[in-house]
Amino acid sequence: MLSEPSAATVRATLPVVGGAIGDITERFYGRLFEAHPELLRDLFNRGNQAAGTQRQALAGSIAAFATYLVEHPDERPDAMLRRIAHKHASLGVAPDQYAVVHQHLFAAIAEVLGDAVTPEVAAAWDEVYWLMANALIAVEARLYAEQGVTAADTWREWRVVGRIEETADVATFQLRPVAPGPVPDFRPGQYVSVQVQLPDGARQIRQYSLSAAPGSPLRQISVKRVRGAAGTPDGEVSAYLHARVTEGSVLRLSAPYGDLVLDDTDAGTPLLLASAGIGVTPMIAMLEQLAAAGHRAPVTVVHADRSPAAHALRADHTAYTGKLPDAAAHFFYERPEPGHPAALTGRVDLAALPPLPTGTRAYLCGPLPFMRDVRAQLIGRGVAPADIHYEVFGPDLWLGRD
């Protein structure tokens with residue numbers, strides 16, 4: 001992995017680079033988009049760029065990777081790399097784009113740190129960058145090969161054949177390929193990227209979990225409309241899908257990706273599927289698959305939402321749980337409503353549920369604070385950290401390091 005001389009240099013300069021990483025990434029993105037404006041228009045999430053979260057994500061991933069290398073010289077953070085690689089593959093990221101990033105990132109480092117970037121420092125951080133980049137390129141190549149696509153042809157046109165209004169802010173879109181021919185299979189829990197052309201001509205991309213199990217010629221995604229708060233704008237792509245996409249519309253979808261999937265050894269394993277808000281979508285696909293496969297081990301289903309009316313796919317959540325021979329659903333609502341006496345009030349509290357079976361494997365999806373809280377509760381109840389799997393959406397993929 002990282003050579004010993006470089007490891008010593010990176011260890012010594014981590015505080016300096018870490019302290020300046022915010023300025024470095026701001027300068028980097030400025031240079032990158034000035035040289036390649038098409039990347040902001042057609043690849044990067046403009047909302048995350050405007051909010052600054054994309055800069056924080058790049059800074060966090062580089063710092064996390066470098067820290068891991070100096071603390072574990074003979075290892076690499078494979079979970080983080082897999083998660084980022086799946087996201088990159090869903091966007092059609094190509095190997096030559098890493099050289100473009102390298103050019104502008106290291107120019108930004110030199111601009112911000114000036115004389116502190118000696119040849120030894122530059123060489124050490126160059127080694128860190130290419131260790132991370134080449135690892136991602138290798139994983140992404142395998143992912144493209146598994147789906148029978150390349151970075152250049154990951155996109156395919158799908159026609160909307162059904163639209164279901166799940167809640168006031170969530171719509172389900174059912175899609176069928178426009179052109180005949182085989183389509184890549186997927187595993188429950190995976191997502192697709194959806195690319196839409198907005199009124200200003202930009203082609204923006206977002207990821208949405210597939211909310212139905214494999215085995216059907218249709219793809220199904222359930223999209224929550226992102227409403228702006230505290231002066232932030234509404235989500236561009238979700239607002240477009242809700243306002244403009246109807247039966248007969250054509251969307252461009254990537255092949256399916258994502259590493260939050262049911263393990264091949266789950267057949268006889270007790271499971272816990274915990275979600276919050278729109279994080280319910282991959283759990284519905286998992287539950288449907290478990291019901292179809294006749295899963296007989298215990299399954300604990302947990303979901304948190306604002307209210308029963310805001311709980312998307314609630315009927316499916318209940319129905320698929322009911323098809324399993326040893327499963328129970330526990331729904332927590334901030335604002336319970338009359339007619340839902342079985343619901344629990346407030347935040348998810350696993351202490352309010354029956355004890356979890358020994359050997360439980362858990363899958364989590366939802367906002368980061370929710371997943372951190374549930375993960376801590378699970379560990380406190382004896383679930384092994386290695387048996388807790390979770391999906392991180394948005395720009396913070398690097399946070400899923402373990």
# chains A, B, ... in the order shown; residues from 1 in each chain; ligands from 1
call {"tool": "select_by_dssp", "arguments": {"residues": "segment 86-261 of chain A", "states": "strand (DSSP E)", "output": "PyMOL selection string"}}
result
chain A and resi 156-165+170-177+191-197+203-209+219-224+250-253
call {"tool": "write_last_selection", "arguments": {"atoms": "N, CA and C atoms", "output": "compact mmCIF listing (two decimals), in the first residue's frame"}}
result
# COMPACT_ATOMS: atom_id res chain seq x y z
N ARG A 156 -29.71 4.01 -20.64
CA ARG A 156 -30.70 3.38 -21.51
C ARG A 156 -32.04 4.09 -21.30
N GLU A 157 -32.83 4.19 -22.36
CA GLU A 157 -34.11 4.87 -22.27
C GLU A 157 -35.20 3.92 -21.77
N TRP A 158 -36.01 4.42 -20.82
CA TRP A 158 -37.12 3.67 -20.25
C TRP A 158 -38.37 4.54 -20.31
N ARG A 159 -39.49 3.93 -20.66
CA ARG A 159 -40.75 4.66 -20.75
C ARG A 159 -41.59 4.45 -19.49
N VAL A 160 -42.16 5.52 -18.98
CA VAL A 160 -43.04 5.43 -17.82
C VAL A 160 -44.36 4.81 -18.25
N VAL A 161 -44.70 3.67 -17.65
CA VAL A 161 -45.95 2.97 -17.99
C VAL A 161 -46.95 3.05 -16.85
N GLY A 162 -46.55 3.64 -15.73
CA GLY A 162 -47.47 3.81 -14.61
C GLY A 162 -46.91 4.82 -13.62
N ARG A 163 -47.82 5.60 -13.04
CA ARG A 163 -47.43 6.54 -11.99
C ARG A 163 -48.44 6.43 -10.87
N ILE A 164 -47.94 6.25 -9.64
CA ILE A 164 -48.80 6.08 -8.47
C ILE A 164 -48.44 7.16 -7.46
N GLU A 165 -49.43 7.91 -6.99
CA GLU A 165 -49.20 8.92 -5.96
C GLU A 165 -49.26 8.23 -4.60
N VAL A 170 -44.51 11.81 -2.38
CA VAL A 170 -43.82 10.65 -2.95
C VAL A 170 -44.66 10.07 -4.08
N ALA A 171 -44.02 9.90 -5.24
CA ALA A 171 -44.66 9.28 -6.40
C ALA A 171 -43.84 8.08 -6.84
N THR A 172 -44.53 7.01 -7.22
CA THR A 172 -43.88 5.83 -7.76
C THR A 172 -44.01 5.84 -9.28
N PHE A 173 -42.88 5.59 -9.95
CA PHE A 173 -42.85 5.52 -11.41
C PHE A 173 -42.49 4.09 -11.82
N GLN A 174 -43.34 3.49 -12.64
CA GLN A 174 -43.08 2.16 -13.19
C GLN A 174 -42.61 2.33 -14.63
N LEU A 175 -41.49 1.66 -14.97
CA LEU A 175 -40.85 1.91 -16.26
C LEU A 175 -40.57 0.62 -17.01
N ARG A 176 -40.63 0.71 -18.33
CA ARG A 176 -40.32 -0.42 -19.21
C ARG A 176 -39.30 0.05 -20.25
N PRO A 177 -38.34 -0.79 -20.64
CA PRO A 177 -37.34 -0.36 -21.64
C PRO A 177 -38.01 0.07 -22.94
N TYR A 191 -29.94 0.61 -6.52
CA TYR A 191 -30.54 1.83 -7.05
C TYR A 191 -30.14 2.02 -8.50
N VAL A 192 -30.82 2.93 -9.17
CA VAL A 192 -30.43 3.37 -10.51
C VAL A 192 -30.23 4.87 -10.48
N SER A 193 -29.40 5.36 -11.38
CA SER A 193 -29.32 6.80 -11.60
C SER A 193 -30.37 7.17 -12.65
N VAL A 194 -31.00 8.31 -12.46
CA VAL A 194 -31.97 8.84 -13.41
C VAL A 194 -31.42 10.17 -13.91
N GLN A 195 -31.33 10.30 -15.23
CA GLN A 195 -30.83 11.53 -15.84
C GLN A 195 -31.98 12.24 -16.55
N VAL A 196 -32.19 13.51 -16.22
CA VAL A 196 -33.25 14.29 -16.88
C VAL A 196 -32.65 15.57 -17.44
N GLN A 197 -33.25 16.03 -18.54
CA GLN A 197 -32.84 17.31 -19.11
C GLN A 197 -33.77 18.38 -18.59
N ARG A 203 -28.29 18.48 -17.93
CA ARG A 203 -28.68 17.08 -17.71
C ARG A 203 -28.23 16.70 -16.30
N GLN A 204 -29.16 16.75 -15.37
CA GLN A 204 -28.83 16.45 -13.98
C GLN A 204 -29.19 15.01 -13.65
N ILE A 205 -28.43 14.44 -12.70
CA ILE A 205 -28.54 13.01 -12.37
C ILE A 205 -28.78 12.86 -10.88
N ARG A 206 -29.70 11.96 -10.53
CA ARG A 206 -29.92 11.61 -9.13
C ARG A 206 -30.09 10.09 -9.04
N GLN A 207 -29.85 9.55 -7.84
CA GLN A 207 -30.01 8.11 -7.61
C GLN A 207 -31.31 7.84 -6.85
N TYR A 208 -32.02 6.78 -7.28
CA TYR A 208 -33.25 6.36 -6.62
C TYR A 208 -33.24 4.84 -6.48
N SER A 209 -33.55 4.37 -5.26
CA SER A 209 -33.60 2.93 -5.02
C SER A 209 -34.74 2.30 -5.81
N ARG A 219 -39.06 -1.71 -14.15
CA ARG A 219 -38.31 -1.10 -13.07
C ARG A 219 -39.28 -0.21 -12.31
N GLN A 220 -39.12 -0.09 -11.00
CA GLN A 220 -39.98 0.77 -10.21
C GLN A 220 -39.13 1.60 -9.26
N ILE A 221 -39.32 2.93 -9.32
CA ILE A 221 -38.65 3.83 -8.39
C ILE A 221 -39.72 4.68 -7.70
N SER A 222 -39.48 5.02 -6.45
CA SER A 222 -40.39 5.87 -5.69
C SER A 222 -39.62 7.11 -5.26
N VAL A 223 -40.07 8.27 -5.73
CA VAL A 223 -39.30 9.50 -5.63
C VAL A 223 -39.97 10.47 -4.66
N LYS A 224 -39.21 10.92 -3.68
CA LYS A 224 -39.71 11.94 -2.77
C LYS A 224 -39.37 13.33 -3.31
N VAL A 250 -40.39 9.53 -21.23
CA VAL A 250 -39.21 8.69 -21.37
C VAL A 250 -38.09 9.25 -20.49
N LEU A 251 -37.48 8.38 -19.69
CA LEU A 251 -36.37 8.75 -18.82
C LEU A 251 -35.14 7.93 -19.19
N ARG A 252 -33.96 8.48 -18.88
CA ARG A 252 -32.70 7.76 -19.08
C ARG A 252 -32.26 7.19 -17.73
N LEU A 253 -32.08 5.86 -17.68
CA LEU A 253 -31.69 5.18 -16.45
C LEU A 253 -30.34 4.50 -16.66
call {"tool": "select_by_dssp", "arguments": {"residues": "segment 132-184 of chain A", "states": "alpha helix (DSSP H)", "output": "ChimeraX atom specification"}}
result
/A:132-147
call {"tool": "closest_atom_pairs", "arguments": {"of": "segment 80-199 of chain A", "to": "segment 290-314 of chain A", "cutoff": "8 Å", "atoms": "only C-alpha atoms", "output": "Markdown table"}}
result
| residue | atom | partner | partner_atom | distance |
| --- | --- | --- | --- | --- |
| A:Glu166 | CA | A:Ala312 | CA | 5.6 |
| A:Thr167 | CA | A:Ala310 | CA | 6.0 |
| A:Ala168 | CA | A:Ala310 | CA | 7.4 |
| A:Asp169 | CA | A:Ala310 | CA | 7.8 |
| A:Val170 | CA | A:Ala312 | CA | 6.6 |
call {"tool": "residues_around", "arguments": {"residues": "Arg82 of chain A", "least_positions_apart": "3", "cutoff": "9 Å", "atoms": "only C-alpha atoms", "output": "VMD selection string"}}
result
chain A and resid 77 to 79 85 to 87 136 139 to 140 258 to 259
call {"tool": "atom_distance", "arguments": {"atom1": "atom CA of Gln190 of chain A", "atom2": "atom CA of Gly92 of chain A"}}
result
16.1 Å
call {"tool": "closest_residue", "arguments": {"among": "A:Ser3, A:Gln103, A:Thr281, A:Thr269", "to": "Arg31 of chain A", "atoms": "only C-alpha atoms"}}
result
A:Gln103
call {"tool": "closest_residue", "arguments": {"among": "A:Leu14, A:Val237, A:Leu218, A:Met283", "to": "Leu69 of chain A", "atoms": "only C-alpha atoms"}}
result
A:Leu14
call {"tool": "residues_around", "arguments": {"residues": "Glu4 of chain A", "least_positions_apart": "2", "cutoff": "12 Å", "atoms": "only C-alpha atoms", "output": "list of chain:residue names"}}
result
A:Met1, A:Leu2, A:Ser6, A:Ala7, A:Ala8, A:Thr9, A:Val10, A:Arg11, A:Leu69, A:Val70, A:Glu71, A:His72, A:Pro73, A:Asp74, A:Ala124, A:Glu127, A:Val128
call {"tool": "write_last_selection", "arguments": {"atoms": "C-alpha atoms", "output": "JSON list (two decimals), in the first residue's frame"}}
result
[["chain", "number", "residue", "atom", "x", "y", "z"],
["A", 1, "MET", "CA", 0.00, 0.00, 0.00],
["A", 2, "LEU", "CA", 1.43, 3.42, 0.93],
["A", 6, "SER", "CA", 5.24, 8.64, 1.89],
["A", 7, "ALA", "CA", 3.40, 7.37, 4.96],
["A", 8, "ALA", "CA", 5.74, 9.36, 7.20],
["A", 9, "THR", "CA", 5.27, 12.50, 5.11],
["A", 10, "VAL", "CA", 1.49, 12.14, 4.97],
["A", 11, "ARG", "CA", 1.35, 11.50, 8.72],
["A", 69, "LEU", "CA", -3.61, 4.49, 5.05],
["A", 70, "VAL", "CA", -1.30, 5.85, 7.75],
["A", 71, "GLU", "CA", -3.19, 4.06, 10.55],
["A", 72, "HIS", "CA", -3.51, 0.75, 8.64],
["A", 73, "PRO", "CA", -0.52, 0.62, 6.26],
["A", 74, "ASP", "CA", -1.27, -2.90, 5.04],
["A", 124, "ALA", "CA", 3.51, 11.61, -0.95],
["A", 127, "GLU", "CA", 0.79, 8.53, -4.06],
["A", 128, "VAL", "CA", -2.27, 8.77, -1.79]]
call {"tool": "residues_around", "arguments": {"residues": "Leu272 of chain A", "least_positions_apart": "5", "cutoff": "12 Å", "atoms": "only C-alpha atoms", "output": "NGL selection string"}}
result
:A and (262 or 266 or 283 or 286-287 or 297-303 or 321 or 326-330 or 350 or 353 or 355-365 or 374-375 or 378 or 383 or 387-390)
call {"tool": "write_last_selection", "arguments": {"atoms": "N, CA and C atoms", "output": "mmCIF file, in the first residue's frame"}}
result
data_model
loop_
_atom_site.group_PDB
_atom_site.id
_atom_site.type_symbol
_atom_site.label_atom_id
_atom_site.label_comp_id
_atom_site.auth_asym_id
_atom_site.auth_seq_id
_atom_site.Cartn_x
_atom_site.Cartn_y
_atom_site.Cartn_z
ATOM 1 N N LEU A 262 -29.202 -7.798 0.112
ATOM 2 C CA LEU A 262 -29.308 -8.984 0.957
ATOM 3 C C LEU A 262 -28.153 -9.926 0.682
ATOM 4 N N ASP A 266 -28.233 -15.064 3.781
ATOM 5 C CA ASP A 266 -29.306 -14.599 4.658
ATOM 6 C C ASP A 266 -30.479 -15.574 4.793
ATOM 7 N N MET A 283 -35.969 -1.203 1.375
ATOM 8 C CA MET A 283 -36.495 -2.211 2.293
ATOM 9 C C MET A 283 -37.733 -2.904 1.719
ATOM 10 N N MET A 286 -36.466 -5.518 -0.599
ATOM 11 C CA MET A 286 -35.938 -6.652 0.166
ATOM 12 C C MET A 286 -37.062 -7.505 0.735
ATOM 13 N N LEU A 287 -38.074 -6.848 1.309
ATOM 14 C CA LEU A 287 -39.191 -7.601 1.884
ATOM 15 C C LEU A 287 -39.930 -8.405 0.824
ATOM 16 N N ALA A 297 -36.798 -17.539 8.607
ATOM 17 C CA ALA A 297 -36.176 -17.047 9.843
ATOM 18 C C ALA A 297 -36.872 -15.757 10.280
ATOM 19 N N PRO A 298 -36.728 -15.359 11.548
ATOM 20 C CA PRO A 298 -37.402 -14.145 12.023
ATOM 21 C C PRO A 298 -36.954 -12.886 11.265
ATOM 22 N N VAL A 299 -37.906 -11.995 11.015
ATOM 23 C CA VAL A 299 -37.629 -10.709 10.378
ATOM 24 C C VAL A 299 -38.287 -9.615 11.220
ATOM 25 N N THR A 300 -37.496 -8.661 11.683
ATOM 26 C CA THR A 300 -38.008 -7.514 12.419
ATOM 27 C C THR A 300 -37.980 -6.306 11.491
ATOM 28 N N VAL A 301 -39.149 -5.705 11.262
ATOM 29 C CA VAL A 301 -39.274 -4.551 10.371
ATOM 30 C C VAL A 301 -39.516 -3.310 11.214
ATOM 31 N N VAL A 302 -38.679 -2.288 11.018
ATOM 32 C CA VAL A 302 -38.784 -1.046 11.782
ATOM 33 C C VAL A 302 -38.798 0.121 10.802
ATOM 34 N N HIS A 303 -39.718 1.055 11.022
ATOM 35 C CA HIS A 303 -39.747 2.241 10.164
ATOM 36 C C HIS A 303 -40.132 3.461 10.989
ATOM 37 N N THR A 321 -44.582 -7.834 4.894
ATOM 38 C CA THR A 321 -44.256 -8.344 6.226
ATOM 39 C C THR A 321 -45.229 -9.456 6.605
ATOM 40 N N ASP A 326 -42.593 -15.506 10.060
ATOM 41 C CA ASP A 326 -42.117 -15.104 11.385
ATOM 42 C C ASP A 326 -41.584 -13.677 11.292
ATOM 43 N N ALA A 327 -42.493 -12.717 11.112
ATOM 44 C CA ALA A 327 -42.085 -11.321 10.942
ATOM 45 C C ALA A 327 -43.058 -10.406 11.659
ATOM 46 N N ALA A 328 -42.550 -9.256 12.083
ATOM 47 C CA ALA A 328 -43.388 -8.257 12.739
ATOM 48 C C ALA A 328 -42.921 -6.878 12.325
ATOM 49 N N ALA A 329 -43.876 -5.977 12.061
ATOM 50 C CA ALA A 329 -43.566 -4.602 11.680
ATOM 51 C C ALA A 329 -43.828 -3.666 12.853
ATOM 52 N N HIS A 330 -42.934 -2.715 13.060
ATOM 53 C CA HIS A 330 -43.043 -1.735 14.140
ATOM 54 C C HIS A 330 -42.835 -0.353 13.524
ATOM 55 N N LEU A 350 -35.484 0.737 20.091
ATOM 56 C CA LEU A 350 -35.484 -0.717 19.999
ATOM 57 C C LEU A 350 -35.811 -1.374 21.329
ATOM 58 N N LEU A 353 -39.230 -2.918 21.605
ATOM 59 C CA LEU A 353 -39.537 -4.102 20.808
ATOM 60 C C LEU A 353 -39.126 -5.368 21.555
ATOM 61 N N PRO A 355 -36.993 -8.731 22.314
ATOM 62 C CA PRO A 355 -35.550 -8.955 22.124
ATOM 63 C C PRO A 355 -35.257 -9.490 20.724
ATOM 64 N N LEU A 356 -34.151 -9.051 20.151
ATOM 65 C CA LEU A 356 -33.764 -9.525 18.824
ATOM 66 C C LEU A 356 -33.160 -10.923 18.931
ATOM 67 N N PRO A 357 -33.447 -11.792 17.973
ATOM 68 C CA PRO A 357 -32.849 -13.138 18.002
ATOM 69 C C PRO A 357 -31.325 -13.065 17.899
ATOM 70 N N THR A 358 -30.671 -14.014 18.498
ATOM 71 C CA THR A 358 -29.216 -14.110 18.394
ATOM 72 C C THR A 358 -28.815 -14.274 16.934
ATOM 73 N N GLY A 359 -27.770 -13.577 16.535
ATOM 74 C CA GLY A 359 -27.284 -13.690 15.165
ATOM 75 C C GLY A 359 -28.003 -12.803 14.174
ATOM 76 N N THR A 360 -28.772 -11.825 14.656
ATOM 77 C CA THR A 360 -29.508 -10.939 13.753
ATOM 78 C C THR A 360 -28.545 -10.150 12.869
ATOM 79 N N ARG A 361 -28.895 -10.070 11.578
ATOM 80 C CA ARG A 361 -28.174 -9.221 10.624
ATOM 81 C C ARG A 361 -29.088 -8.057 10.273
ATOM 82 N N ALA A 362 -28.555 -6.823 10.296
ATOM 83 C CA ALA A 362 -29.391 -5.629 10.137
ATOM 84 C C ALA A 362 -29.048 -4.870 8.866
ATOM 85 N N TYR A 363 -30.092 -4.298 8.254
ATOM 86 C CA TYR A 363 -29.955 -3.434 7.083
ATOM 87 C C TYR A 363 -30.673 -2.123 7.393
ATOM 88 N N LEU A 364 -29.968 -0.993 7.205
ATOM 89 C CA LEU A 364 -30.504 0.315 7.566
ATOM 90 C C LEU A 364 -30.477 1.251 6.354
ATOM 91 N N CYS A 365 -31.509 2.090 6.239
ATOM 92 C CA CYS A 365 -31.501 3.127 5.219
ATOM 93 C C CYS A 365 -32.339 4.305 5.699
ATOM 94 N N VAL A 374 -29.714 4.191 15.323
ATOM 95 C CA VAL A 374 -30.156 2.800 15.304
ATOM 96 C C VAL A 374 -28.954 1.857 15.382
ATOM 97 N N ARG A 375 -27.885 2.211 14.679
ATOM 98 C CA ARG A 375 -26.687 1.373 14.734
ATOM 99 C C ARG A 375 -26.166 1.273 16.165
ATOM 100 N N LEU A 378 -28.384 -1.000 18.131
ATOM 101 C CA LEU A 378 -28.181 -2.406 17.778
ATOM 102 C C LEU A 378 -26.928 -2.966 18.440
ATOM 103 N N VAL A 383 -25.809 -6.827 18.695
ATOM 104 C CA VAL A 383 -25.612 -7.124 17.277
ATOM 105 C C VAL A 383 -24.182 -6.748 16.897
ATOM 106 N N ASP A 387 -22.300 -7.061 11.253
ATOM 107 C CA ASP A 387 -23.603 -7.522 10.765
ATOM 108 C C ASP A 387 -24.590 -6.371 10.579
ATOM 109 N N ILE A 388 -24.104 -5.132 10.635
ATOM 110 C CA ILE A 388 -24.964 -3.966 10.445
ATOM 111 C C ILE A 388 -24.553 -3.292 9.140
ATOM 112 N N HIS A 389 -25.447 -3.299 8.157
ATOM 113 C CA HIS A 389 -25.163 -2.755 6.833
ATOM 114 C C HIS A 389 -26.083 -1.558 6.581
ATOM 115 N N TYR A 390 -25.566 -0.550 5.898
ATOM 116 C CA TYR A 390 -26.389 0.638 5.725
ATOM 117 C C TYR A 390 -26.059 1.341 4.415
#
call {"tool": "atom_distance", "arguments": {"atom1": "atom CA of Arg187 of chain A", "atom2": "atom CA of Ile278 of chain A"}}
result
18.6 Å
call {"tool": "residues_around", "arguments": {"residues": "Thr13 of chain A", "least_positions_apart": "6", "cutoff": "10 Å", "atoms": "only C-alpha atoms", "output": "list in words"}}
result
Ala7, Gly19, Ala116, Val117, Val121, Ala124 and Trp125 of chain A
call {"tool": "closest_residue", "arguments": {"among": "A:Gln289, A:Gln147, A:Gln49, A:Gln56", "to": "Ala212 of chain A", "atoms": "only C-alpha atoms"}}
result
A:Gln289
